[in-house]
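In what follows, a structure is listed as structure tokens, so that the remarks can point back to it.
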Amino acid sequence: MLENFLNKISVPKFFKKKSASFLGVDLGSSSIKMVQLKQEKGVAVLETYGELSLGPYAGTEIGRATNLTNKQMSGALISLIEEARVNIAECGVSIPLSSSLIFNMEVPQVSPEQLKKIVPIEARRYIPVSISEVMLDWRIIPERDFEEPAGDSDLEDRRSGTRQANQPAENGLKNKRRDKIKIFVVAIHKNELDRYQSIVKNAQLNLNFLEIEIFSTIRSVVQQNAGTVAILDIGSGVAKLYIVEYGIVKDSHLISRGSQDISLAISRTLGITIDKAEEKKREVGLTGAEGEDKDISEIIATNLKYIFSEAEKVLRKYQTEQHKNIDRLIFTGGGSVIKGLPAFASSILKINATVADPFDKIRTPAFLDDILKEIGPEFAVAVGLALRGLEK
Ligand SMILES: Nc1ncnc2c1ncn2[C@@H]1O[C@H](COP(=O)(O)OP(=O)(O)OP(=O)(O)O)[C@@H](O)[C@H]1O
Ligand SMILES: [Mg+2]
């Protein structure tokens, strides 16, 4: 039944179509997340948001990872657009890092206009297919990284560092002229672009851009001048760990366990259906004190401990090899919505960990504050996409 799997919540308001609005669409493997924002006097305001579980579209349970056809995905998208009362066609869509090729390159120090021309030309050398087959997204690596031939100077920089994250290299160059700048490039194959364009078009939406989901997350949950942070996105089938320095993705790692594994384990151990196990996981979380609830929390804890220990191994290795300190771990993804996570994480992890609150930057109706804080981690990508749309 539709109501069973449609987790939609919309802000009760009469919407008029305005061009200052923008829709962020996160087509996750287990659910679609959507956030519509508008710009009002320089502030991002929430117009509506919603989530739709994809499991039932693939003949499986809520919370499970799926692999839908374009047509099925468009159908799900249309349902969510209607349910959440989205009234804007302009949208941005996220794709996983694994669907792209990323690399750093150096280009001559030129004007921003010339840079737009030079980047695609230089990028040819790094891309195994014709440049006409890819879509490029890129950003200038902040000067602090550029100054780091052996890796250690970055530490010095951060100790004294007051420069802004993502600050274009040009500013630093006023003091000390350089003839090269470093660029972080993302190449997305046009086949991917075509695929998403067709999904979105069939849902009567207008794709403005595709963006790697970690970029959207950085925009919505990482403070502008946060130093080195790690982001752990606990999804359905997998958990994704990223190390981000001043807005640039330095490392990424896939941990092959996600929140659906918890539901499967609960179902197996307690001999209940996966649907029931999914419900119990959400209801009890890590806070079960006795009886069956205690068993459920223990299963959740075991699985999360595995994900944490894999994440910590990667973080430790990075810190040792790069001689850098990771200041914070930020949890995102639906698997991070689990009850009792902050206390559990701080009892297990040696690193300072927080749960993402992407709606924090958005003006929202006060009556939604609690629910948005709770489900926020799941919407980190969709919020980041919508924020980028407003930037234009
Ligand atoms: N309140 C909750 N408590 C516990 N788990 C939850 C809760 N809400 C959602 N989840 C779990 O989060 C998972 C989905 O997370 P998310 O929506 O981030 O994944 P996804 O974006 O679809 O996956 P991916 O990013 O890997 O494509 C599901 O397995 C679901 O069971
Ligand atoms: Mg996701």
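Residues in the structure tokens are numbered from 1 in each chain, the chains being A, B, ... in the order shown, and ligands are numbered from 1 in the order shown.
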
Can I get the residues close to ligand 1 as a ChimeraX atom specification, where close means within 9 Å and we count only C-alpha atoms and all ligand atoms? /A:26-33,51,53-54,62-66,95-96,213,233-240,258-263,278-285,332-339,374-375,377-381

May I have all residues of region 201-349 of chain A that DSSP, computed from the backbone, assigns to alpha helix (DSSP H), given as a PyMOL selection string? chain A and resi 201-202+213-221+259-270+274-284+291-322+341-348

Considering only C-alpha atoms and all ligand atoms, can you say which of A:Ala84, A:Leu270, A:Val25, A:Glu113 comes closest to ligand 2?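 Among A:Ala84, A:Leu270, A:Val25, A:Glu113, it is A:Val25 that comes nearest to ligand 2.
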
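Between Lys38 (chain A) and the candidates A:Val93, A:Ile121, A:Leu341, A:Ile362, the tightest atom-to-atom separation, counting only C-alpha atoms, involves A:Ile362.
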
Do you know which residues are at most 7 Å from Gly340 (chain A) counting only C-alpha atoms, after dropping those on the same chain fewer than 4 positions away, and could you put them as an mmCIF file with N, CA and C atoms, in the first residue's frame?
```
data_model
loop_
_atom_site.group_PDB
_atom_site.id
_atom_site.type_symbol
_atom_site.label_atom_id
_atom_site.label_comp_id
_atom_site.auth_asym_id
_atom_site.auth_seq_id
_atom_site.Cartn_x
_atom_site.Cartn_y
_atom_site.Cartn_z
ATOM 1 N N GLY A 285 16.221 1.445 17.947
ATOM 2 C CA GLY A 285 17.560 2.010 17.777
ATOM 3 C C GLY A 285 18.550 1.416 18.767
ATOM 4 N N LEU A 286 19.414 2.286 19.277
ATOM 5 C CA LEU A 286 20.466 1.809 20.190
ATOM 6 C C LEU A 286 20.045 1.934 21.646
ATOM 7 N N THR A 287 18.763 2.248 21.843
ATOM 8 C CA THR A 287 18.341 2.579 23.215
ATOM 9 C C THR A 287 17.603 1.439 23.936
ATOM 10 N N PHE A 344 26.293 6.688 21.568
ATOM 11 C CA PHE A 344 26.990 5.445 21.225
ATOM 12 C C PHE A 344 28.320 5.760 20.529
#
```

Test item: residues at most 6 Å from region 322-330 of chain A, only C-alpha atoms, excluding those fewer than 5 positions along its chain, as a count of residues only: 9

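CA of Ile296 (chain A) to CA of Gly50 (chain A) spans 27.8 Å [interatomic distance, one decimal].
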
Among region 37-265 of chain A, which residues does DSSP mark as strand (DSSP E) when it is run on the backbone? Keep the chain and numbering as in the structure and answer as a VMD selection string. chain A and resid 37 to 40 43 to 53 90 to 95 100 to 108 134 to 140 180 to 189 206 to 212 228 to 234 239 to 245 248 to 255

Point-to-point distance from CA of Val110 (chain A) to CA of Asn225 (chain A), Å rounded to tenths: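 Taking CA of Val110 (chain A) as the start and CA of Asn225 (chain A) as the end point, the length is 25.4 Å.
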
Quick one: residues within 9 Å of Cys91 (chain A), only C-alpha atoms counted, chain neighbours fewer than 3 positions away excluded, as a list in words?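 Those residues are Phe22, Leu23, Gly24, Val25, Gln36, Ile88, Val200, Leu205, Asn206, Leu207, Asn208, Phe209, Leu385, Ala386 and Gly389 of chain A.
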
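The coordinates place CA of Glu106 (chain A) at 28.8 Å from CA of Arg316 (chain A).
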
Distance query Ile274 (chain A) at most 7 Å, only C-alpha atoms, self and fewer than 5 positions along chain excluded, as a PDB file with N, CA and C atoms, in the first residue's frame:
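The resulting result10.pdb:
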```pdb
ATOM      1  N   GLU A  61      11.803  -4.942   0.273  1.00  0.00           N
ATOM      2  CA  GLU A  61      11.316  -4.221   1.458  1.00  0.00           C
ATOM      3  C   GLU A  61      11.801  -2.766   1.513  1.00  0.00           C
ATOM      4  N   SER A 263      18.947  -4.549   9.475  1.00  0.00           N
ATOM      5  CA  SER A 263      17.578  -5.093   9.410  1.00  0.00           C
ATOM      6  C   SER A 263      17.614  -6.587   9.088  1.00  0.00           C
ATOM      7  N   LEU A 264      18.498  -6.977   8.178  1.00  0.00           N
ATOM      8  CA  LEU A 264      18.591  -8.395   7.814  1.00  0.00           C
ATOM      9  C   LEU A 264      19.027  -9.224   9.018  1.00  0.00           C
ATOM     10  N   SER A 267      16.177  -9.520  11.483  1.00  0.00           N
ATOM     11  CA  SER A 267      15.180 -10.454  10.957  1.00  0.00           C
ATOM     12  C   SER A 267      15.627 -11.907  11.179  1.00  0.00           C
TER      13      SER A 267
END
```

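Using only C-alpha atoms, the nearest neighbour of Ala382 (chain A) within the list A:Glu211, A:Asp370, A:Asp275, A:Asp194 is A:Glu211.
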
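Among the candidates A:Val107, A:Leu97, A:Leu390, A:Ala311, the residue lying nearest to ligand 2 is A:Leu97 (atoms considered: only C-alpha atoms and all ligand atoms).
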